[in-house]
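Following: one structure in structure tokens, then a few remarks.
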Amino acid sequence: MRTTTRLLLLTLLTALLISGCSRATLVYRNLDMLVPWSLNDYLDLDRSQQRDLRERLRQHLAWHCSTQLPELLASLQQLERESASGRLEREDLAPHYHGVREAMHSIAVEVTPTATDLLRALSDAQVDELRRSLAENRREHREKYLEPPLEQQIRERAERMQERLQYWFGPLNAEQRQRVLLWAHTLGEQNRRWLDNRERWQQMLLAAVEKRHSDDFDARIARLLQEREALMNDSDRATLQRAERAGLELVADLHTLADDGQRAHLTNRLAQLQTDFGSLKCLPPTA
């Protein structure tokens, strides 16, 4: 995805690419206000904490806009050209996906000091509040994603993916919907693995925060924010890699099954995203 500044920031930045926001710049320019409000879903920050967090987020966003967005724009331009050429294979999509993964890691490294300082400064009452909020969040996620029968989980997974994809392709045809359903079945009990890993990570975060004044606190938070996959067991890491491959294959197959109208729709979406990001004033002027 979201229990710390890093997760909230990454989620919001990534959402500009995958959520279907038609005005990416509007969201981007207001992230410094959105993130503190999102963080307040888990605990109440005092005025001093909110003021400090808002200022540091502005600095992070300026860094991201000036150093990361140019590469993102170049990748979007290349993806648009590849899509317009006709056929997209998984091998064509993989470099773009890995580029996003590398960018997200860079963001994690960038915001780690802010997250560490914020968590270290929490009061005992705020830590208790965070613990209760995360417990409630886990209960809600298990009720929504794990309690339904597996077949219902798979059906709802397919429905969520179809909704996301329709922003990029327009309405899906019957073959595309069937391909999405096959993808959802391929992931099987992914909900359980995802929630188990999520909860394990949250417990490690709480354990670190409870000892936030110890000498190794900075290192523990840095590992939690920057090396999440390294914290998984071998089986879960392999499952994640299979899921990533399945996702790339799904997009490639949907592009193959797309008609001319859907491909034109995708090209327009990619072009609009480039225009939105390219209009940000932090970017250097084009030659």
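Quick note on naming: the chains in the structure tokens go A, B, ... in the order shown, residues restart at 1 in each chain, and ligands are numbered from 1 in order of appearance.
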
I'd like the contact shell of range 72-85 of chain A - 9 Å cut-off, only C-alpha atoms, skipping same-chain residues fewer than 5 positions apart - returned as a list in words.
Asp92, Leu93, His96, Gly99, Val100, Ala103, His255, Arg263, Ala264, Leu266, Thr267, Asn268, Leu270, Ala271, Leu273, Gln274, Phe277 and Gly278 of chain A

Give me the range 116-198 of chain A side of the contact with range 216-239 of chain A, cut-off 10 Å, one line per residue showing its nearest atom pair and distance in Å at one decimal, counting only C-alpha atoms, sorted by chain and residue number, as a tab-separated table.
```
residue	atom	partner	partner_atom	distance
A:Thr116	CA	A:Asp218	CA	6.3
A:Asp117	CA	A:Asp218	CA	8.7
A:Leu119	CA	A:Ile221	CA	9.1
A:Arg120	CA	A:Phe217	CA	8.2
A:Leu187	CA	A:Thr239	CA	8.8
A:Gln190	CA	A:Thr239	CA	8.4
A:Arg193	CA	A:Asp236	CA	7.1
A:Trp194	CA	A:Asp236	CA	8.8
A:Asp196	CA	A:Asp236	CA	9.9
A:Asn197	CA	A:Met232	CA	7.3
A:Arg198	CA	A:Arg228	CA	9.9
```

Write a file of the selected residues as a PDB file, in the first residue's frame, keeping N, CA and C atoms.
```
ATOM      1  N   THR A 116      11.236   8.187  11.220  1.00  0.00           N
ATOM      2  CA  THR A 116      11.948   7.803  12.445  1.00  0.00           C
ATOM      3  C   THR A 116      11.794   8.868  13.517  1.00  0.00           C
ATOM      4  N   ASP A 117      11.991  10.127  13.144  1.00  0.00           N
ATOM      5  CA  ASP A 117      11.872  11.217  14.120  1.00  0.00           C
ATOM      6  C   ASP A 117      10.446  11.326  14.653  1.00  0.00           C
ATOM      7  N   LEU A 119       8.138   8.913  14.860  1.00  0.00           N
ATOM      8  CA  LEU A 119       7.825   7.780  15.734  1.00  0.00           C
ATOM      9  C   LEU A 119       8.572   7.878  17.060  1.00  0.00           C
ATOM     10  N   ARG A 120       9.795   8.369  17.022  1.00  0.00           N
ATOM     11  CA  ARG A 120      10.557   8.502  18.275  1.00  0.00           C
ATOM     12  C   ARG A 120       9.902   9.518  19.204  1.00  0.00           C
ATOM     13  N   LEU A 187      -4.140 -16.187  -8.279  1.00  0.00           N
ATOM     14  CA  LEU A 187      -3.589 -15.705  -7.011  1.00  0.00           C
ATOM     15  C   LEU A 187      -4.078 -16.514  -5.808  1.00  0.00           C
ATOM     16  N   GLN A 190      -4.209 -15.392  -1.926  1.00  0.00           N
ATOM     17  CA  GLN A 190      -3.321 -14.237  -1.783  1.00  0.00           C
ATOM     18  C   GLN A 190      -3.764 -13.330  -0.642  1.00  0.00           C
ATOM     19  N   ARG A 193      -2.140 -14.504   2.641  1.00  0.00           N
ATOM     20  CA  ARG A 193      -0.698 -14.224   2.702  1.00  0.00           C
ATOM     21  C   ARG A 193      -0.442 -12.736   2.873  1.00  0.00           C
ATOM     22  N   TRP A 194      -1.194 -11.934   2.121  1.00  0.00           N
ATOM     23  CA  TRP A 194      -1.012 -10.483   2.205  1.00  0.00           C
ATOM     24  C   TRP A 194      -1.303  -9.984   3.618  1.00  0.00           C
ATOM     25  N   ASP A 196      -1.389 -11.726   6.461  1.00  0.00           N
ATOM     26  CA  ASP A 196      -0.438 -12.270   7.432  1.00  0.00           C
ATOM     27  C   ASP A 196       0.856 -11.466   7.428  1.00  0.00           C
ATOM     28  N   ASN A 197       1.373 -11.159   6.243  1.00  0.00           N
ATOM     29  CA  ASN A 197       2.597 -10.368   6.156  1.00  0.00           C
ATOM     30  C   ASN A 197       2.386  -8.950   6.673  1.00  0.00           C
ATOM     31  N   ARG A 198       1.241  -8.393   6.349  1.00  0.00           N
ATOM     32  CA  ARG A 198       0.915  -7.039   6.810  1.00  0.00           C
ATOM     33  C   ARG A 198       0.866  -6.982   8.328  1.00  0.00           C
TER      34      ARG A 198
END
```

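The closest residue to Arg245 in chain A, picked from A:Asp52, A:Glu71, A:Glu91, A:Asp46 and counting only C-alpha atoms, is A:Glu91.
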
Nearest residue to Glu89 in chain A out of A:Leu195, A:Ile107, A:Leu181, A:Val251, using only C-alpha atoms?
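The answer is A:Val251, which sits nearest to Glu89 in chain A.
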
Name the residues of range 10-239 of chain A that come out as helix (DSSP H, G or I) in a backbone DSSP run; write them as a ChimeraX atom specification.
/A:10-18,24-29,31-39,47-67,69-84,90-120,124-145,150-169,174-186,190-210,217-226,229-231,234-239

Please provide the set of residues having any atom within 12 Å of Arg90 in chain A, restricted to only C-alpha atoms, with same-chain residues fewer than 5 positions apart removed, written as a ChimeraX atom specification.
/A:82,95-98,244-256

Preceding selection exported with C-alpha atoms as an mmCIF file, in the first residue's frame:
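Okay, again.cif is ready:
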```cif
data_model
loop_
_atom_site.group_PDB
_atom_site.id
_atom_site.type_symbol
_atom_site.label_atom_id
_atom_site.label_comp_id
_atom_site.auth_asym_id
_atom_site.auth_seq_id
_atom_site.Cartn_x
_atom_site.Cartn_y
_atom_site.Cartn_z
ATOM 1 C CA GLU A 82 5.403 0.946 -27.019
ATOM 2 C CA PRO A 95 11.481 -2.555 -17.037
ATOM 3 C CA HIS A 96 8.726 -0.029 -16.317
ATOM 4 C CA TYR A 97 7.561 -2.029 -13.302
ATOM 5 C CA HIS A 98 11.067 -2.411 -11.925
ATOM 6 C CA GLU A 244 4.144 -9.755 -9.841
ATOM 7 C CA ARG A 245 4.737 -11.867 -12.947
ATOM 8 C CA ALA A 246 1.042 -12.707 -13.126
ATOM 9 C CA GLY A 247 0.158 -9.026 -12.997
ATOM 10 C CA LEU A 248 2.517 -8.154 -15.834
ATOM 11 C CA GLU A 249 1.188 -11.031 -17.923
ATOM 12 C CA LEU A 250 -2.369 -9.860 -17.269
ATOM 13 C CA VAL A 251 -1.688 -6.339 -18.550
ATOM 14 C CA ALA A 252 0.172 -7.664 -21.595
ATOM 15 C CA ASP A 253 -2.696 -10.040 -22.451
ATOM 16 C CA LEU A 254 -5.335 -7.340 -21.998
ATOM 17 C CA HIS A 255 -3.391 -5.115 -24.383
ATOM 18 C CA THR A 256 -3.323 -7.955 -26.927
#
```

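Residues in contact range of range 135-147 of chain A, defined as at most 10 Å between only C-alpha atoms, with sequence neighbours fewer than 5 positions away removed, read Thr3, Asp41, Tyr42, Glu129, Leu130, Gln152, Gln153, Ile154, Glu156, Arg157, Glu189, Gln190, Asn191, Arg192, Trp194, Leu195, Asp196, Arg198, Glu199, Gln202 and Gln203 of chain A.
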
Could you state the separation of CA of Glu175 in chain A and CA of Arg269 in chain A in Å, given to one decimal place?
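Computing the Euclidean distance for CA of Glu175 in chain A and CA of Arg269 in chain A yields 22.0 Å.
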
Between CA of Gln166 in chain A and CA of Gln262 in chain A, distance in Å (one decimal):
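The value is 9.4 Å.
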
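Taking only C-alpha atoms into account, Arg212 in chain A lies nearest to A:Ser123 out of the set A:Ser123, A:Gln50, A:Thr67, A:Thr112.
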
Mind pulling up the distance from CA of Ala62 in chain A to CA of Cys282 in chain A?
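Result for CA of Cys282 in chain A versus CA of Ala62 in chain A: 7.0 Å, one decimal.
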